[in-house]
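Engineer: What follows is structure14.csv; its format and atoms are CSV, C-alpha atoms.
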```csv
chain,number,residue,atom,x,y,z
A,1,MET,CA,111.0,127.9,124.1
A,2,ALA,CA,111.1,124.8,121.9
A,3,LEU,CA,113.7,126.5,119.7
A,4,ALA,CA,115.8,127.5,122.8
A,5,ASN,CA,115.8,123.9,124.0
A,6,GLN,CA,117.4,122.7,120.7
A,7,THR,CA,120.4,125.0,121.0
A,8,ALA,CA,122.5,126.7,123.7
A,9,VAL,CA,123.3,129.5,121.3
A,10,SER,CA,120.5,132.0,120.9
A,11,VAL,CA,122.6,134.7,119.2
A,12,PHE,CA,125.3,134.6,116.6
A,13,ILE,CA,127.9,137.2,115.8
A,14,LEU,CA,128.7,137.9,112.2
A,15,GLN,CA,132.3,138.6,111.4
A,16,SER,CA,133.1,142.1,110.2
A,17,PHE,CA,135.3,142.9,107.2
A,18,THR,CA,137.7,145.0,109.1
A,19,ASP,CA,138.4,146.8,112.5
A,20,GLU,CA,139.8,149.9,110.9
A,21,PRO,CA,137.4,152.8,111.4
A,22,TRP,CA,138.2,154.6,108.1
A,23,LEU,CA,137.9,151.4,106.1
A,24,GLN,CA,134.6,150.6,107.8
A,25,ALA,CA,133.3,154.0,106.8
A,26,ALA,CA,134.4,153.5,103.2
A,27,LEU,CA,132.9,150.0,103.0
A,28,PHE,CA,129.6,151.3,104.6
A,29,CYS,CA,129.3,153.9,101.8
A,30,LEU,CA,130.1,151.2,99.1
A,31,PHE,CA,127.6,148.7,100.4
A,32,PHE,CA,125.0,151.3,101.0
A,33,ALA,CA,125.4,152.5,97.4
A,34,LEU,CA,125.2,148.9,96.1
A,35,PHE,CA,122.1,148.3,98.1
A,36,VAL,CA,120.3,151.4,96.9
A,37,VAL,CA,121.3,150.9,93.3
A,38,ALA,CA,120.3,147.2,93.4
A,39,LEU,CA,116.9,147.8,94.9
A,40,ALA,CA,116.2,150.9,92.7
A,41,GLY,CA,117.5,149.3,89.5
A,42,ASN,CA,115.7,146.0,89.9
A,43,GLY,CA,112.5,147.7,91.2
A,44,LEU,CA,112.5,150.1,88.2
A,45,ILE,CA,112.9,147.3,85.7
A,46,THR,CA,110.1,145.3,87.3
A,47,ALA,CA,107.7,148.3,87.3
A,48,ALA,CA,108.7,149.3,83.8
A,49,ILE,CA,108.1,145.9,82.3
A,50,CYS,CA,104.9,145.4,84.1
A,51,CYS,CA,103.6,148.8,82.9
A,52,SER,CA,104.6,148.5,79.3
A,53,PRO,CA,102.5,146.1,77.1
A,54,ASN,CA,105.3,146.3,74.5
A,55,LEU,CA,107.6,144.4,76.9
A,56,HIS,CA,105.1,141.6,77.8
A,57,THR,CA,107.2,138.9,76.2
A,58,PRO,CA,108.8,135.7,77.7
A,59,MET,CA,112.3,137.3,77.8
A,60,TYR,CA,111.1,140.3,79.9
A,61,PHE,CA,108.8,138.0,82.0
A,62,PHE,CA,111.8,136.0,83.1
A,63,LEU,CA,113.8,139.3,83.6
A,64,VAL,CA,111.1,140.4,86.1
A,65,ASN,CA,111.6,137.1,88.0
A,66,LEU,CA,115.4,137.7,88.0
A,67,SER,CA,114.9,141.2,89.4
A,68,VAL,CA,112.7,140.0,92.2
A,69,LEU,CA,115.2,137.3,93.1
A,70,ASP,CA,118.0,139.8,93.1
A,71,MET,CA,116.0,142.1,95.5
A,72,ILE,CA,115.3,139.2,97.8
A,73,CYS,CA,119.0,138.3,98.0
A,74,THR,CA,120.3,141.8,98.6
A,75,SER,CA,117.5,142.6,101.1
A,76,ALA,CA,118.4,139.5,103.1
A,77,VAL,CA,122.1,140.2,103.2
A,78,LEU,CA,123.1,143.9,102.9
A,79,PRO,CA,121.1,145.4,105.8
A,80,LYS,CA,123.0,143.2,108.3
A,81,VAL,CA,126.3,144.0,106.5
A,82,LEU,CA,125.6,147.7,107.0
A,83,GLN,CA,124.8,147.1,110.6
A,84,GLY,CA,128.0,145.2,111.1
A,85,LEU,CA,130.1,148.1,109.8
A,86,VAL,CA,128.7,150.6,112.4
A,87,ALA,CA,128.1,148.3,115.4
A,88,GLU,CA,128.5,144.7,116.5
A,89,SER,CA,126.6,142.6,114.1
A,90,ALA,CA,124.6,140.2,116.3
A,91,ILE,CA,121.9,138.1,114.7
A,92,SER,CA,119.4,135.8,116.5
A,93,PHE,CA,119.2,132.1,115.8
A,94,ARG,CA,115.8,132.6,114.2
A,95,GLY,CA,117.2,135.6,112.2
A,96,CYS,CA,120.2,133.6,111.1
A,97,LEU,CA,117.9,130.8,109.9
A,98,SER,CA,115.7,133.3,108.1
A,99,GLN,CA,118.6,134.9,106.3
A,100,LEU,CA,120.0,131.5,105.4
A,101,PHE,CA,116.6,130.4,104.0
A,102,PHE,CA,116.1,133.5,101.8
A,103,VAL,CA,119.7,133.6,100.5
A,104,THR,CA,119.6,129.9,99.6
A,105,TRP,CA,116.1,130.3,98.0
A,106,ALA,CA,117.3,133.2,95.9
A,107,LEU,CA,120.6,131.5,94.8
A,108,SER,CA,118.9,128.2,94.1
A,109,ALA,CA,116.1,129.7,92.0
A,110,GLU,CA,118.5,132.0,90.2
A,111,LEU,CA,120.7,129.2,89.0
A,112,GLN,CA,117.7,127.5,87.5
A,113,LEU,CA,116.3,130.7,86.1
A,114,PHE,CA,119.5,131.4,84.1
A,115,SER,CA,119.0,128.0,82.4
A,116,VAL,CA,115.4,128.9,81.6
A,117,MET,CA,116.5,132.2,80.2
A,118,ALA,CA,119.2,130.5,78.1
A,119,TYR,CA,116.6,128.1,76.7
A,120,ASP,CA,114.3,131.1,75.9
A,121,ARG,CA,117.1,132.7,73.9
A,122,HIS,CA,117.9,129.4,72.2
A,123,VAL,CA,114.4,129.0,71.0
A,124,ALA,CA,114.2,132.6,69.9
A,125,ILE,CA,117.3,132.4,67.8
A,126,CYS,CA,117.5,128.8,66.7
A,127,ARG,CA,113.7,128.2,66.2
A,128,PRO,CA,112.2,131.6,65.6
A,129,LEU,CA,109.2,130.2,63.7
A,130,HIS,CA,108.2,128.0,66.6
A,131,TYR,CA,108.9,130.5,69.3
A,132,GLY,CA,105.3,131.4,69.9
A,133,ALA,CA,104.2,127.8,70.4
A,134,LEU,CA,107.2,126.7,72.4
A,135,MET,CA,107.3,129.7,74.7
A,136,GLY,CA,103.6,130.4,75.2
A,137,GLY,CA,102.1,131.9,78.3
A,138,ARG,CA,101.3,128.6,80.1
A,139,VAL,CA,104.8,127.4,79.3
A,140,CYS,CA,106.4,130.5,80.8
A,141,LEU,CA,104.3,130.4,83.9
A,142,SER,CA,105.0,126.7,84.4
A,143,LEU,CA,108.8,127.3,84.1
A,144,ALA,CA,108.7,130.2,86.5
A,145,ALA,CA,106.6,128.2,89.0
A,146,PHE,CA,109.1,125.3,88.7
A,147,VAL,CA,112.1,127.7,89.4
A,148,TRP,CA,110.5,129.3,92.4
A,149,CYS,CA,109.1,126.0,93.9
A,150,VAL,CA,112.4,124.0,93.5
A,151,GLY,CA,114.3,126.9,95.0
A,152,ALA,CA,111.9,127.1,98.0
A,153,PHE,CA,112.0,123.3,98.5
A,154,ASN,CA,115.9,123.3,98.4
A,155,ALA,CA,116.0,126.2,100.9
A,156,SER,CA,113.4,124.6,103.2
A,157,LEU,CA,115.2,121.3,103.2
A,158,LEU,CA,118.6,122.7,104.0
A,159,THR,CA,117.3,125.2,106.6
A,160,GLY,CA,115.3,122.4,108.2
A,161,LEU,CA,118.5,120.3,108.5
A,162,VAL,CA,120.4,123.1,110.1
A,163,LEU,CA,117.5,123.7,112.5
A,164,ARG,CA,117.9,120.1,113.8
A,165,LEU,CA,121.5,120.7,114.7
A,166,SER,CA,122.8,121.7,118.2
A,167,PHE,CA,124.9,124.8,118.6
A,168,CYS,CA,126.7,125.0,122.0
A,169,GLY,CA,129.4,127.5,121.2
A,170,PRO,CA,131.4,129.3,119.8
A,171,ASN,CA,128.9,131.6,118.2
A,172,LEU,CA,131.1,133.7,115.9
A,173,ILE,CA,130.2,133.0,112.2
A,174,ALA,CA,133.3,133.4,110.1
A,175,HIS,CA,131.4,135.2,107.4
A,176,PHE,CA,129.5,138.5,106.9
A,177,PHE,CA,126.1,136.7,106.6
A,178,CYS,CA,124.5,133.3,107.5
A,179,GLU,CA,125.4,130.9,104.8
A,180,ILE,CA,125.3,127.1,105.1
A,181,PRO,CA,129.1,126.2,105.0
A,182,PRO,CA,130.2,128.6,107.8
A,183,VAL,CA,127.1,127.9,110.0
A,184,LEU,CA,127.7,124.1,109.8
A,185,LEU,CA,131.2,124.7,111.1
A,186,LEU,CA,129.8,125.9,114.5
A,187,SER,CA,127.6,122.9,115.1
A,188,CYS,CA,128.5,120.6,118.0
A,189,SER,CA,126.4,117.7,116.6
A,190,PRO,CA,127.3,115.6,113.5
A,191,THR,CA,126.8,117.4,110.2
A,192,VAL,CA,127.1,114.5,107.9
A,193,VAL,CA,123.5,114.6,106.7
A,194,PRO,CA,123.5,118.4,106.0
A,195,ASP,CA,126.9,118.2,104.4
A,196,VAL,CA,125.9,115.4,102.0
A,197,THR,CA,122.5,117.0,101.3
A,198,THR,CA,124.2,120.3,100.5
A,199,VAL,CA,126.6,118.6,98.0
A,200,ILE,CA,123.7,116.7,96.4
A,201,ALA,CA,121.8,119.9,96.0
A,202,ASP,CA,124.8,121.7,94.6
A,203,VAL,CA,125.3,118.9,92.0
A,204,PHE,CA,121.7,119.0,91.0
A,205,LEU,CA,121.4,122.8,90.8
A,206,SER,CA,124.8,123.6,89.4
A,207,GLY,CA,125.9,120.3,87.8
A,208,VAL,CA,122.7,120.0,85.8
A,209,THR,CA,121.7,123.6,85.1
A,210,PHE,CA,125.2,124.8,84.1
A,211,PRO,CA,125.7,122.2,81.3
A,212,LEU,CA,122.2,122.9,80.1
A,213,THR,CA,123.0,126.6,79.9
A,214,LEU,CA,126.2,125.9,78.1
A,215,ALA,CA,124.5,123.6,75.7
A,216,SER,CA,121.9,126.3,74.9
A,217,TYR,CA,124.5,128.8,74.2
A,218,GLY,CA,126.5,126.3,72.1
A,219,CYS,CA,123.5,125.9,69.9
A,220,ILE,CA,123.0,129.7,69.8
A,221,VAL,CA,126.6,130.3,68.7
A,222,ALA,CA,126.4,127.6,66.1
A,223,SER,CA,123.2,129.2,64.7
A,224,ILE,CA,124.7,132.7,64.7
A,225,VAL,CA,127.7,131.5,62.8
A,226,ARG,CA,125.5,130.0,60.1
A,227,MET,CA,123.7,133.2,59.5
A,228,ARG,CA,124.5,134.8,56.2
A,229,SER,CA,123.6,138.4,57.2
A,230,ALA,CA,126.3,140.2,59.2
A,231,THR,CA,123.5,142.5,60.6
A,232,GLY,CA,121.5,139.4,61.7
A,233,ARG,CA,124.6,138.0,63.4
A,234,ARG,CA,125.2,141.2,65.3
A,235,ARG,CA,121.6,141.5,66.3
A,236,ALA,CA,121.4,137.8,67.5
A,237,PHE,CA,124.7,138.0,69.4
A,238,SER,CA,123.6,141.3,71.1
A,239,SER,CA,120.4,139.8,72.3
A,240,CYS,CA,122.2,137.0,74.2
A,241,SER,CA,125.6,138.4,75.0
A,242,SER,CA,124.4,140.3,78.0
A,243,HIS,CA,122.8,137.2,79.4
A,244,LEU,CA,126.0,135.2,78.8
A,245,LEU,CA,127.9,137.9,80.7
A,246,ALA,CA,125.6,137.7,83.7
A,247,VAL,CA,125.6,133.9,83.7
A,248,THR,CA,129.4,133.7,83.6
A,249,LEU,CA,129.8,136.1,86.5
A,250,TYR,CA,127.1,134.4,88.6
A,251,TYR,CA,128.0,130.8,88.0
A,252,SER,CA,131.7,131.3,88.5
A,253,THR,CA,131.3,132.9,91.9
A,254,VAL,CA,128.6,130.5,93.2
A,255,LEU,CA,130.5,127.4,92.0
A,256,TYR,CA,133.6,128.7,93.6
A,257,THR,CA,131.8,129.0,97.0
A,258,TYR,CA,129.8,125.7,97.0
A,259,ILE,CA,131.7,123.3,94.8
A,260,ARG,CA,135.4,124.0,95.5
A,261,PRO,CA,137.3,122.1,98.2
A,262,GLY,CA,137.6,123.6,101.7
A,263,LEU,CA,134.0,124.7,102.2
A,264,GLY,CA,133.6,127.2,105.0
A,265,SER,CA,136.9,128.9,104.6
A,266,SER,CA,136.7,132.5,105.7
A,267,GLY,CA,139.6,134.1,103.9
A,268,PRO,CA,139.4,137.5,102.3
A,269,LEU,CA,139.0,136.0,98.8
A,270,ASP,CA,136.0,133.9,100.0
A,271,LYS,CA,134.3,137.0,101.3
A,272,ALA,CA,135.1,139.0,98.2
A,273,VAL,CA,133.5,136.2,96.0
A,274,ALA,CA,130.4,136.2,98.3
A,275,VAL,CA,130.1,140.0,97.8
A,276,LEU,CA,130.1,139.4,94.1
A,277,TYR,CA,127.0,137.2,94.0
A,278,THR,CA,125.1,138.8,96.9
A,279,ALA,CA,125.7,142.5,96.1
A,280,VAL,CA,127.6,143.2,92.9
A,281,THR,CA,125.8,140.9,90.5
A,282,PRO,CA,122.3,142.0,91.6
A,283,THR,CA,123.5,145.6,91.1
A,284,LEU,CA,124.9,144.9,87.7
A,285,ASN,CA,122.1,142.8,86.3
A,286,PRO,CA,119.8,145.8,85.6
A,287,LEU,CA,122.6,147.6,83.8
A,288,ILE,CA,123.6,144.5,81.8
A,289,TYR,CA,120.1,143.6,80.7
A,290,THR,CA,118.8,147.1,79.9
A,291,LEU,CA,121.6,149.5,78.8
A,292,ARG,CA,122.3,147.5,75.7
A,293,ASN,CA,118.7,146.6,75.0
A,294,LYS,CA,117.3,148.9,72.4
A,295,LYS,CA,113.7,147.6,72.8
A,296,PHE,CA,113.7,148.5,76.5
A,297,LYS,CA,115.3,151.9,75.9
A,298,PHE,CA,112.9,152.8,73.1
A,299,SER,CA,110.0,151.9,75.4
A,300,PHE,CA,111.3,154.2,78.0
A,301,PRO,CA,113.0,157.4,76.6
A,302,ILE,CA,114.7,158.1,79.9
A,303,PHE,CA,117.1,155.2,79.2
A,304,GLN,CA,118.0,156.4,75.7
A,305,GLY,CA,120.9,158.5,77.0
A,306,PHE,CA,122.7,155.3,77.8
A,307,THR,CA,122.8,154.0,74.2
A,308,HIS,CA,126.5,154.2,73.9
```
Turn the structure described in the file into structure tokens.

Structural biologist:
Amino acid sequence: MALANQTAVSVFILQSFTDEPWLQAALFCLFFALFVVALAGNGLITAAICCSPNLHTPMYFFLVNLSVLDMICTSAVLPKVLQGLVAESAISFRGCLSQLFFVTWALSAELQLFSVMAYDRHVAICRPLHYGALMGGRVCLSLAAFVWCVGAFNASLLTGLVLRLSFCGPNLIAHFFCEIPPVLLLSCSPTVVPDVTTVIADVFLSGVTFPLTLASYGCIVASIVRMRSATGRRRAFSSCSSHLLAVTLYYSTVLYTYIRPGLGSSGPLDKAVAVLYTAVTPTLNPLIYTLRNKKFKFSFPIFQGFTH
């Protein structure tokens, strides 16, 4: 009742991708496949690393955290997307806030986690003799706790600010899931504080972590170039190239959505970009990080067929 008194809108309608029945069916099959592959791939990676003592190293510890975050993101978004492709996608006010919280939590934590993983690769390649001391168990646990806690704090803060707003109509969210920019556009009360807070959070999470990630890779590239052994250069580059690919794809799409001008736009390009970081990237991450990783494949012979 307290929640109902804060807003005249109790149900939101999420905008569908298309009204064409044949295209809805095709998209349903596509998103269902992405959902299954994302959950299965990330779940398999998590179970495999946890069950193999050979993979109990900082790199794979952070990879487990990445897999869990990917599963949270896809589980928060794709079920409602699938529903919207077969029926009207209505979502309650509480459900919208929950979706907004978990998506923001996953995105915020993942941006920081990529920087932590870049630092791990930097230490492994540039300071291999000090790797054990600099990336010990306590350090890894502290870094992971920091990533999760800051992500949760950011999501709680932004969701709490949205909760304080009034929504008196319309209730059509011009997006396929509840995300801060399109939700703020529906508020009938001033959104200056949430807008400013969102920008500050974006500057901190992206404007700080992205340069740190680039700096780590700059040091890695410089260290690789100085290596005398061609085999050593190939091995070092292979160990971080997959991470760099994932980082580039993820940052480019998230920065496009949250930093670019015209937040809240609902054009087809905006939805396509959102699909990349909520569905495609979580699906590709297991493939990027494992199919080119010899240590992972040698630990699990079932993956050795994907060597080439």

Engineer: Using all atoms listed in the file, find the one residue out of A:Ile288, A:Leu255, A:Cys168, A:Cys188 that sits nearest to Val273 of chain A.

Structural biologist: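 Residue with the minimum atom-to-atom distance to Val273 of chain A: A:Leu255.
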
Engineer: So, counting all atoms listed in the file, which residue among A:Ile224, A:Leu111, A:Cys126, A:Ala8 is closest to Ser252 of chain A?

Structural biologist: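 Of A:Ile224, A:Leu111, A:Cys126, A:Ala8, the one nearest Ser252 of chain A, counting all atoms listed in the file, is A:Leu111.
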
Engineer: One decimal, in Å: what's the spacing between atom CA of Gln99 of chain A and atom CA of Phe176 of chain A?

Structural biologist: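 According to the coordinates, atom CA of Gln99 of chain A and atom CA of Phe176 of chain A are separated by 11.5 Å.
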
Engineer: Report, in Å with one decimal, the straight-line distance from atom CA of Ser187 of chain A to atom CA of Pro268 of chain A.

Structural biologist: 22.7 Å

Engineer: Extract, using only C-alpha atoms, all DNA, RNA and protein residues at most 6 Å from Thr46 of chain A, discarding same-chain residues fewer than 3 positions from it, and format them as a ChimeraX atom specification.

Structural biologist: /A:43,49,64

Engineer: Segment 132-213 of chain A near segment 11-24 of chain A within 9 Å: what's each residue's closest atom pair and its distance in Å to one decimal, counting only C-alpha atoms, ordered by chain then ascending residue number, as CSV?

Structural biologist:
```
residue,atom,partner,partner_atom,distance
A:Pro170,CA,A:Phe12,CA,8.7
A:Asn171,CA,A:Phe12,CA,5.0
A:Leu172,CA,A:Ile13,CA,4.7
A:Ile173,CA,A:Leu14,CA,5.1
A:Ala174,CA,A:Gln15,CA,5.5
A:His175,CA,A:Gln15,CA,5.3
A:Phe176,CA,A:Gln15,CA,5.3
A:Phe177,CA,A:Leu14,CA,6.3
A:Cys178,CA,A:Leu14,CA,7.8
```

Engineer: Taking all atoms listed in the file into account, which of A:His122, A:Arg94, A:Lys271, A:Arg127 comes nearest Val81 of chain A?

Structural biologist: A:Lys271

Engineer: One decimal, Å: what's the distance from atom CA of Asn54 of chain A over to atom CA of Tyr131 of chain A, could you say?

Structural biologist: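 Value for the atom CA of Asn54 of chain A-atom CA of Tyr131 of chain A distance: 17.0 Å.
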
Engineer: Select, from A:Ala201, A:Ser223, A:Ala47, A:Asp120, the residue with the minimum atom-to-atom distance to Val139 of chain A, counting all atoms listed in the file.

Structural biologist: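 For Val139 of chain A, the nearest of the candidates is A:Asp120.
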
Engineer: Select from segment 76-167 of chain A every residue with an atom at most 9 Å from any atom of segment 56-60 of chain A, then for each give the shortest pair of atoms and their distance in Å to one decimal, using all atoms listed in the file, rows by chain and rising number, as JSON lines.

Structural biologist:
```
{"residue": "A:Met117", "atom": "CA", "partner": "A:Met59", "partner_atom": "CA", "distance": 7.0}
{"residue": "A:Asp120", "atom": "CA", "partner": "A:Met59", "partner_atom": "CA", "distance": 6.8}
{"residue": "A:Arg121", "atom": "CA", "partner": "A:Met59", "partner_atom": "CA", "distance": 7.7}
{"residue": "A:Met135", "atom": "CA", "partner": "A:Pro58", "partner_atom": "CA", "distance": 6.9}
{"residue": "A:Gly136", "atom": "CA", "partner": "A:Pro58", "partner_atom": "CA", "distance": 7.8}
{"residue": "A:Gly137", "atom": "CA", "partner": "A:Pro58", "partner_atom": "CA", "distance": 7.7}
{"residue": "A:Cys140", "atom": "CA", "partner": "A:Pro58", "partner_atom": "CA", "distance": 6.5}
```

Engineer: My list of candidates is A:Val123, A:Val77, A:Val254, A:Cys29. Which is closest to Leu100 of chain A when distances are computed with all atoms listed in the file?

Structural biologist: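 Closest candidate: A:Val77.
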
Engineer: Considering only C-alpha atoms, can you say which of A:Leu214, A:Ala90, A:Ala124, A:Ile200 comes closest to Leu157 of chain A?

Structural biologist: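 That would be A:Ile200, the residue with the smallest distance to Leu157 of chain A.
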
Engineer: Would you mind listing what lies within 10 Å of Leu212 of chain A as a VMD selection string, with only C-alpha atoms counted and same-chain residues fewer than 2 positions away left out?

Structural biologist: chain A and resid 112 114 to 116 118 to 119 206 to 210 214 to 218

Engineer: Fewer than 2 positions away in the same chain doesn't count, so skip those; otherwise give me all residues within 12 Å of Ser98 of chain A, counting all atoms listed in the file, as a PyMOL selection string.

Structural biologist: chain A and resi 72-73+75-77+91-96+100-105+155-156+158-160+162-163+177-180
